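Since the structure comes first, as structure tokens, the remarks are kept for the end.
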Amino acid sequence: MAKDVIIALDFENKEKTLAFLDQFTGRKPYVKIGMELYYAEGPAIVQEIKARGHKIFLDLKLHDIPNTVKKAMAVLRHLDVDMTNLHAAGTIAMMEAAKEGLTREDGSCGVLLAVTQLTSTSEERMQSELLINASMPDTVKKYAQNAKAAGLSGVVCSPLEAALVKEACGQDFLTVTPGIRFADGDVGDQVRIMTPEKARAASDYIVVGRPITAASDPVAAYNRCVMEFLGIDA
Ligand code: C5P
């Protein structure tokens with residue numbers, strides 16, 4: 001199964017994003033476009049980065065009533081991105097509707113993932129604020145099983161829960177894991193974290209933002225991630 005490092009392009013505008021990408025003259029990184037950049041620049045930024053030859057994970061984390069999410073996914077379908085996502089908390093009915101919206105007329109569909117619990121959420125806060133009376137592993141496992149039942153390709157989860165998801169949903173069910181930090185790096189607001197090297201065992205894709213985007217040498221930081229996660233020179 002293909003594994004890769006995805007860089008989170010958490011930038012405020014197109015200029016900063018393209019200046020960042022211009023530094024990568026060798027391997028074209030798989031990139032993630034999230035809410036900040038998409039809301040600032042609109043669908044054109046997706047088309048522009050795609051035209052530069054990057055694979056794209058559009059991380060908009062949809063969560064609304066099934067009909068609204070289905071229609072939104074039908075619009076996003078035209079951007080032809082490689083991967084997109086929604087919140088599993090929206091229920092199986094919402095996830096099924098999303099998949100229907102994303103499916104092309106010929107029956108094909110891009111990779112659709114469900115966010116289980118954000119990697120910034122601790123078990124304590126999930127229980128005390130969201131009143132979810134289960135453990136974090138049990139919650140992630142149930143959300144992943146719901147996503148599989150809805151026909152999704154995989155989940156976004158903490159690398160700490162990726163092995164559990166594989167065990168519950170099968171090796172082919174994708175695990176995409178943010179919350180990646182170098183052993184000697186800053187943790188920031190992430191809570192459930194792991195190094196690229198350790199994530200290798202159960203993650204199909206790692207999503208790395210600030211450890212690369214805020215590094216003094218982003219290309220070197222990306223290459224280090226590729227080396228630690230994929231075991232190859234970038
Ligand atoms: O900078 P950092 O490496 O923490 O960036 C992680 C990226 O992954 C951010 O863009 C964040 O929105 C995203 N993400 C996450 N946890 C999830 C889903 C997405 O951190 N469960």
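By order in the structure tokens, chains are A, B, ...; within a chain, residues start at 1; ligands start at 1, following the order shown.
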
Neighbours of ligand 1 within 6 Å, counting only C-alpha atoms and all ligand atoms, as a list in words? Ala8, Asp10, Val115, Gln117, Leu118, Thr119, Val156, Cys157, Pro178, Gly179, Ile180, Gln190, Val207, Val208, Gly209 and Arg210 of chain A

Grab the residues selected above and save them as a CSV table (one decimal), in the first residue's frame with N, CA, C and O atoms.
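See again12.csv below for the written result:
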```
chain,number,residue,atom,x,y,z
A,8,ALA,N,1.0,19.8,5.7
A,8,ALA,CA,-0.2,20.7,5.9
A,8,ALA,C,0.2,22.1,5.5
A,8,ALA,O,1.0,22.8,6.2
A,10,ASP,N,-0.7,25.1,6.1
A,10,ASP,CA,-1.5,26.0,6.9
A,10,ASP,C,-1.0,27.4,6.8
A,10,ASP,O,-0.3,28.0,7.7
A,115,VAL,N,-12.7,12.1,10.1
A,115,VAL,CA,-12.0,12.5,11.3
A,115,VAL,C,-12.6,11.8,12.5
A,115,VAL,O,-13.8,11.8,12.7
A,117,GLN,N,-11.4,11.5,16.4
A,117,GLN,CA,-11.3,12.7,17.4
A,117,GLN,C,-10.1,13.5,17.0
A,117,GLN,O,-9.1,12.9,16.7
A,118,LEU,N,-10.2,14.8,17.1
A,118,LEU,CA,-9.1,15.6,16.7
A,118,LEU,C,-7.9,15.3,17.6
A,118,LEU,O,-8.1,15.0,18.8
A,119,THR,N,-6.7,15.4,17.0
A,119,THR,CA,-5.5,15.0,17.8
A,119,THR,C,-5.2,16.0,18.9
A,119,THR,O,-4.3,15.8,19.7
A,156,VAL,N,-8.9,9.8,9.7
A,156,VAL,CA,-7.9,10.6,10.2
A,156,VAL,C,-7.9,10.3,11.7
A,156,VAL,O,-8.9,10.5,12.3
A,157,CYS,N,-6.8,10.0,12.3
A,157,CYS,CA,-6.7,9.7,13.7
A,157,CYS,C,-5.3,10.0,14.2
A,157,CYS,O,-4.4,10.2,13.4
A,178,PRO,N,-2.2,13.0,11.7
A,178,PRO,CA,-1.5,14.2,12.1
A,178,PRO,C,-1.0,14.0,13.5
A,178,PRO,O,-1.0,12.9,14.0
A,179,GLY,N,-0.5,15.1,14.1
A,179,GLY,CA,0.0,14.9,15.5
A,179,GLY,C,1.4,14.3,15.4
A,179,GLY,O,1.8,13.4,16.2
A,180,ILE,N,2.2,14.6,14.4
A,180,ILE,CA,3.5,14.1,14.2
A,180,ILE,C,4.5,15.1,14.7
A,180,ILE,O,4.5,16.3,14.3
A,190,GLN,N,-0.7,20.2,19.9
A,190,GLN,CA,-1.1,18.8,19.7
A,190,GLN,C,-0.9,18.0,21.0
A,190,GLN,O,0.0,18.3,21.8
A,207,VAL,N,0.5,13.4,8.4
A,207,VAL,CA,0.3,14.8,8.0
A,207,VAL,C,1.2,15.6,8.9
A,207,VAL,O,1.0,15.6,10.1
A,208,VAL,N,2.1,16.4,8.3
A,208,VAL,CA,3.0,17.2,9.1
A,208,VAL,C,2.9,18.6,8.7
A,208,VAL,O,3.1,19.0,7.6
A,209,GLY,N,2.6,19.5,9.7
A,209,GLY,CA,2.5,20.9,9.5
A,209,GLY,C,3.7,21.6,10.0
A,209,GLY,O,4.8,21.6,9.4
A,210,ARG,N,3.6,22.2,11.2
A,210,ARG,CA,4.6,23.1,11.7
A,210,ARG,C,6.0,22.5,11.8
A,210,ARG,O,7.0,23.3,11.6
```

Using only C-alpha atoms, I'd like a table of the residues in segment 174-225 of chain A that come within 12 Å of segment 29-33 of chain A; for each, show the closest atom pair and its distance in Å rounded to one decimal, ordered by chain and ascending number, as a Markdown table.
```
| residue | atom | partner | partner_atom | distance |
| --- | --- | --- | --- | --- |
| A:Val176 | CA | A:Lys32 | CA | 11.5 |
| A:Pro178 | CA | A:Lys32 | CA | 10.9 |
| A:Tyr205 | CA | A:Tyr30 | CA | 9.8 |
| A:Ile206 | CA | A:Tyr30 | CA | 10.3 |
| A:Val207 | CA | A:Lys32 | CA | 7.8 |
| A:Val208 | CA | A:Lys32 | CA | 9.1 |
| A:Gly209 | CA | A:Lys32 | CA | 9.0 |
| A:Ile212 | CA | A:Pro29 | CA | 11.5 |
| A:Thr213 | CA | A:Val31 | CA | 11.5 |
| A:Pro218 | CA | A:Pro29 | CA | 11.6 |
| A:Val219 | CA | A:Pro29 | CA | 10.0 |
| A:Tyr222 | CA | A:Pro29 | CA | 8.5 |
| A:Asn223 | CA | A:Pro29 | CA | 10.0 |
| A:Cys225 | CA | A:Pro29 | CA | 11.2 |
```

Residues at most 6 Å from Gly154 of chain A, counting only C-alpha atoms, excluding those fewer than 6 positions away in the same chain, as a PyMOL selection string? chain A and resi 113+173-175

Can you pull out every residue within 10 Å of His78 of chain A, counting only C-alpha atoms, but drop anything in the same chain fewer than 3 positions away, and send it as a PDB file with C-alpha atoms, in the first residue's frame?
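Writing the result to out-v9.pdb gives the following:
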```pdb
ATOM      1  CA  PRO A  43     -11.226  26.667  -5.102  1.00  0.00           C
ATOM      2  CA  MET A  73     -19.396  17.081  -1.577  1.00  0.00           C
ATOM      3  CA  ALA A  74     -21.013  17.128  -5.024  1.00  0.00           C
ATOM      4  CA  VAL A  75     -19.503  20.601  -5.522  1.00  0.00           C
ATOM      5  CA  VAL A  81      -8.722  16.142  -5.335  1.00  0.00           C
ATOM      6  CA  LEU A 102     -18.525  12.691  -3.983  1.00  0.00           C
ATOM      7  CA  ARG A 104     -18.727  10.563 -10.038  1.00  0.00           C
TER       8      ARG A 104
END
```

With only C-alpha atoms as the atoms that count, which of A:Leu37, A:Ala97, A:Met126, A:Ala88 lies nearest to Lys14 of chain A?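 Checking each candidate against Lys14 of chain A, we get A:Leu37 as the closest.
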
Could you list, with a cut-off of 6 Å and counting only C-alpha atoms, the residues of segment 86-179 of chain A near segment 57-71 of chain A, each shown with its nearest atom pair and the distance in Å rounded to one decimal, rows sorted by chain and ascending number, as JSON lines?
```
{"residue": "A:Leu86", "atom": "CA", "partner": "A:Lys61", "partner_atom": "CA", "distance": 4.0}
{"residue": "A:His87", "atom": "CA", "partner": "A:His63", "partner_atom": "CA", "distance": 5.5}
{"residue": "A:Gly90", "atom": "CA", "partner": "A:His63", "partner_atom": "CA", "distance": 5.6}
{"residue": "A:Met94", "atom": "CA", "partner": "A:Pro66", "partner_atom": "CA", "distance": 4.1}
{"residue": "A:Ala97", "atom": "CA", "partner": "A:Lys70", "partner_atom": "CA", "distance": 5.0}
{"residue": "A:Ala98", "atom": "CA", "partner": "A:Lys70", "partner_atom": "CA", "distance": 4.4}
{"residue": "A:Gly101", "atom": "CA", "partner": "A:Lys70", "partner_atom": "CA", "distance": 4.5}
```

Determine which residues of segment 41-120 of chain A receive a DSSP assignment of alpha helix (DSSP H), computed from the backbone, and state them as a PyMOL selection string. chain A and resi 41+43-51+66-76+91-102

Which of these, A:Asp204, A:Glu100, A:Glu123, A:Glu36, has the shortest distance to Ala72 of chain A once you count only C-alpha atoms? A:Glu100

Go through segment 33-131 of chain A and flag each residue having an atom no more than 12 Å from segment 17-20 of chain A; for those, report the closest pair of atoms plus their distance in Å to one decimal, using only C-alpha atoms, ordered by chain and rising number, as CSV.
```
residue,atom,partner,partner_atom,distance
A:Ile33,CA,A:Thr17,CA,9.9
A:Gly34,CA,A:Thr17,CA,11.9
A:Glu36,CA,A:Thr17,CA,11.3
A:Leu37,CA,A:Thr17,CA,8.5
A:Tyr38,CA,A:Thr17,CA,11.4
A:Ala40,CA,A:Thr17,CA,11.5
A:Glu41,CA,A:Thr17,CA,10.7
A:Ile45,CA,A:Thr17,CA,9.4
A:Val46,CA,A:Thr17,CA,11.4
A:Glu48,CA,A:Leu18,CA,9.4
A:Ile49,CA,A:Leu18,CA,8.2
A:Lys50,CA,A:Leu18,CA,11.9
A:Arg52,CA,A:Leu18,CA,9.9
A:His54,CA,A:Leu18,CA,11.9
```

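Taking segment 122-207 of chain A and asking which residues DSSP calls strand (DSSP E or B) on the backbone, you get Gly154, Val155, Val156, Leu174, Thr175, Val176, Thr177, Ile180, Met194, Tyr205, Ile206 and Val207 of chain A.
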
Mind pulling up the distance from atom CA of Ala201 of chain A to atom CA of Val140 of chain A?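 Rounded to one decimal, the two atoms are 18.1 Å apart.
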
What is the atom CA of Asp172 of chain A-atom CA of Ala2 of chain A distance in Å, reported with one decimal? 10.7 Å

So that I can check the surroundings of Asn146 of chain A, please list as a list in words every protein, DNA and RNA residue that reaches within 10 Å of it, counting only C-alpha atoms and ignoring chain neighbours fewer than 4 positions away.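 Here the qualifying residues turn out to be Ala88, Ala89, Thr91, Ile92, Ala93, Met95, Ala114, Thr116, Val140, Lys141, Lys142, Ala150, Gly151, Leu152 and Cys169 of chain A.
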